[in-house]
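Here's the structure we're looking at; comments come further down.
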Amino acid sequence: MIGRRTRARRTLAGQVFVVQLVVLAAVIAAGTALAVVQARRAQDDATRVQVTDIAVTVAASPFTIAAVRGPDPTGQLQPVTERTRKAAEVDFIVVMAPDRTRYTHTDPSRIGHPFSGTIDRALAGETFTETFTGTLGPSIRAVTPVRDEAGEIIALVSVGVTRAHIGDQVRDQLPSILTIAAAGLALLTLASFLLRRRLLRQTHGLGARELQALYEHHDAVLHSVHEGLIVFDKTGERAEVVNDQARLLLELPDGRVTRADLPVSLQRLGTGVVRDEMHVTSDRVLVVNQDLVEHDGRHIGTVLTLRDHTELRDVLGELDSVRGFAESLRAQAHEAANRLHTVVTMVELGRAKEAVNFATAELELSQALIDRLTGAVAEPAVVALLLGKVEQAAEYGVELTVTGDTLLDSTDPLTAHEMVTLLGNLIDNALEAVGHDEDAWVEVTVRREDQDLYVKVADSGPGMSEEVFEQATERGYSTKTDHHGLGLALVRRLVARHGGELRAQREPESAVLVRFPRRGVGPA
């Protein structure tokens with residue numbers, strides 16, 4: 001329990017709450033002090049206006065002028081000024097002669113004595129206010145002249161309110177000021193507490209150091225991991241995290257990334273779960289996984305991971321070619337064994353001439369194909385691939401032929417490996433298209449046309465419309481465990497890399513056609 005409380009005090013939310021309380025208390029205290037000072041200033045200003053108005057009113061009264069001229073100014077003025085003083089709630093009203101002699105005073109014993117305070121400006125005809133310490137203590141007072149009909153100054157009037165009286169008035173306002181300050185502090189404290197709860201929930205109760213360490217580790221992992229990582233928000237459209245490897249693999253620009261910036265096949269993933277799908281981009285083969293991220297039963301985002309399998313896919317392609325060659329050799333060995341047993345048996349039966357004819361007939365056909373291909377195609381790897389595919393097609397019950405106009409002096413602009421990849425995928429796609437149809441056939445043409453490398457693979461299948469062909473080449477993904485299903489996407493990637501042309505036709509026959517400009521020669 002003690003550990004939990006210590007941890008709670010050290011959370012970022014707790015630290016922010018304490019700091020907020022301290023700041024709020026300081027601000028409220030300062031505001032209260034300023035409010036009191038402002039109230040005091042406002043009361044002083046109001047007092048100056050009040051005493052000035054009363055002094056001017058008393059000085060302008062005909063009764064005051066007549067009393068000052070009379071034989072007993074004090075007897076006539078003292079009762080009136082006292083009534084006025086009490087009614088106006090001021091501390092003194094003094095009517096005096098120009099030589100400072102008081103006619104009236106709050107304290108009757110002060111009558112007849114000199115007035116203490118400044119009167120020079122009033123004798124000069126000016127009404128003014130001042131703060132002065134007199135017989136009643138510090139006060140704010142106004143002094144104004146009393147003039148007769150001729151404008152001569154015959155007396156002076158001073159009205160004042162002591163500082164103690166003004167302080168009492170300000171203190172009367174303190175309960176309201178303090179009540180407002182306390183209500184403000186309580187309201188802000190409640191808001192800070194609610195903010196603390198929200199922050200505590202969002203930071204999962206972690207402290208500042210823990211959050212800092214978490215960020216540093218998170219940032220280090222994102223930059224060091226060799227897999228591409230993209231974290232989308234709960235809508236699955238806007239990327240909140242994109243690491244360096246993901247930008248490299250997908251050639252993403254700096255700045256904000258949305259799903260629309262991804263390759264077409266990745267845009268179509270949506271927000272579902274994906275396991276080990278292979279996707280082809282312009283120059284890479286990627287293994288893609290996608291998972292939903294949930295917290296407390298709420299969907300909060302989607303995580304997309306990318307692994308670069310380009311080199312592995314190339315190796316697997318070569319392995320598939322080698323496996324195809326091996327299967328072809330195995331089939332040929334099996335057929336050779338059967339023919340050898342047949343020949344031996346025919347010899348044992350004394351049918352030697354028939355045995356020779358039987359043994360050489362198949363050999364002549366195979367050798368004729370080998371001689372024709374080696375004479376027409378300069379690249380041995382391509383020759384070996386075509387021979388292997390002929391045997392493979394025969395096992396499927398498909399007749400695969402290489403047209404008589406096939407003639408290839410070099411694979412330029414492709415490398416031999418790229419040529420094998422291109423032909424192998426196109427032929428495999430054609431074999432899958434015809435399936436086990438009766439009288440199924442595949443026809444391969446490789447030649448030069450106006451310096452361009454021209455490849456055509458036709459078949460007896462139904463063919464693909466332009467829309468279906470476009471989807472097949474752009475789809476670029478496969479969930480097949482034997483890594484097939486990427487053929488046309490890989491072909492499109494190869495064609496795009498060398499600036500070639502790829503299209504499909506259905507008439508007069510189903511076919512896929514590829515054209516590459518020779519290196520150094522632009523497309524026609």
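Chains: A, B, ... in order of the structure tokens. Residues: from 1 per chain. Ligands: from 1, in order shown.
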Quick one: residues within 8 Å of region 227-242 of chain A, only C-alpha atoms counted, chain neighbours fewer than 5 positions away excluded, as a ChimeraX atom specification? /A:222,247,249,256-260,270-271,299-308
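Distance annotation: of A:Gly404, A:Gln471, A:Thr415, A:Gln392, the residue with the minimal separation from Glu379 (chain A) is A:Thr415; atom set is only C-alpha atoms.
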Select from region 398-447 of chain A everything DSSP, run on the backbone, classes as helix (DSSP H, G or I), then give the selection as a VMD selection string. chain A and resid 416 to 434
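Using only C-alpha atoms, the shortest contact distance between Ser460 (chain A) and any of A:Pro138, A:Thr445, A:Leu400, A:Arg519 is found at A:Leu400.
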Among listed residues A:Ala472, A:Ser61, A:Pro98, A:Asp412, nearest Val80 (chain A) (using only C-alpha atoms): A:Ser61
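Of the residues listed (A:Phe115, A:Phe92, A:Phe132, A:Phe193), A:Phe92 shows the shortest atom-to-atom separation from Val161 (chain A); distances use only C-alpha atoms.
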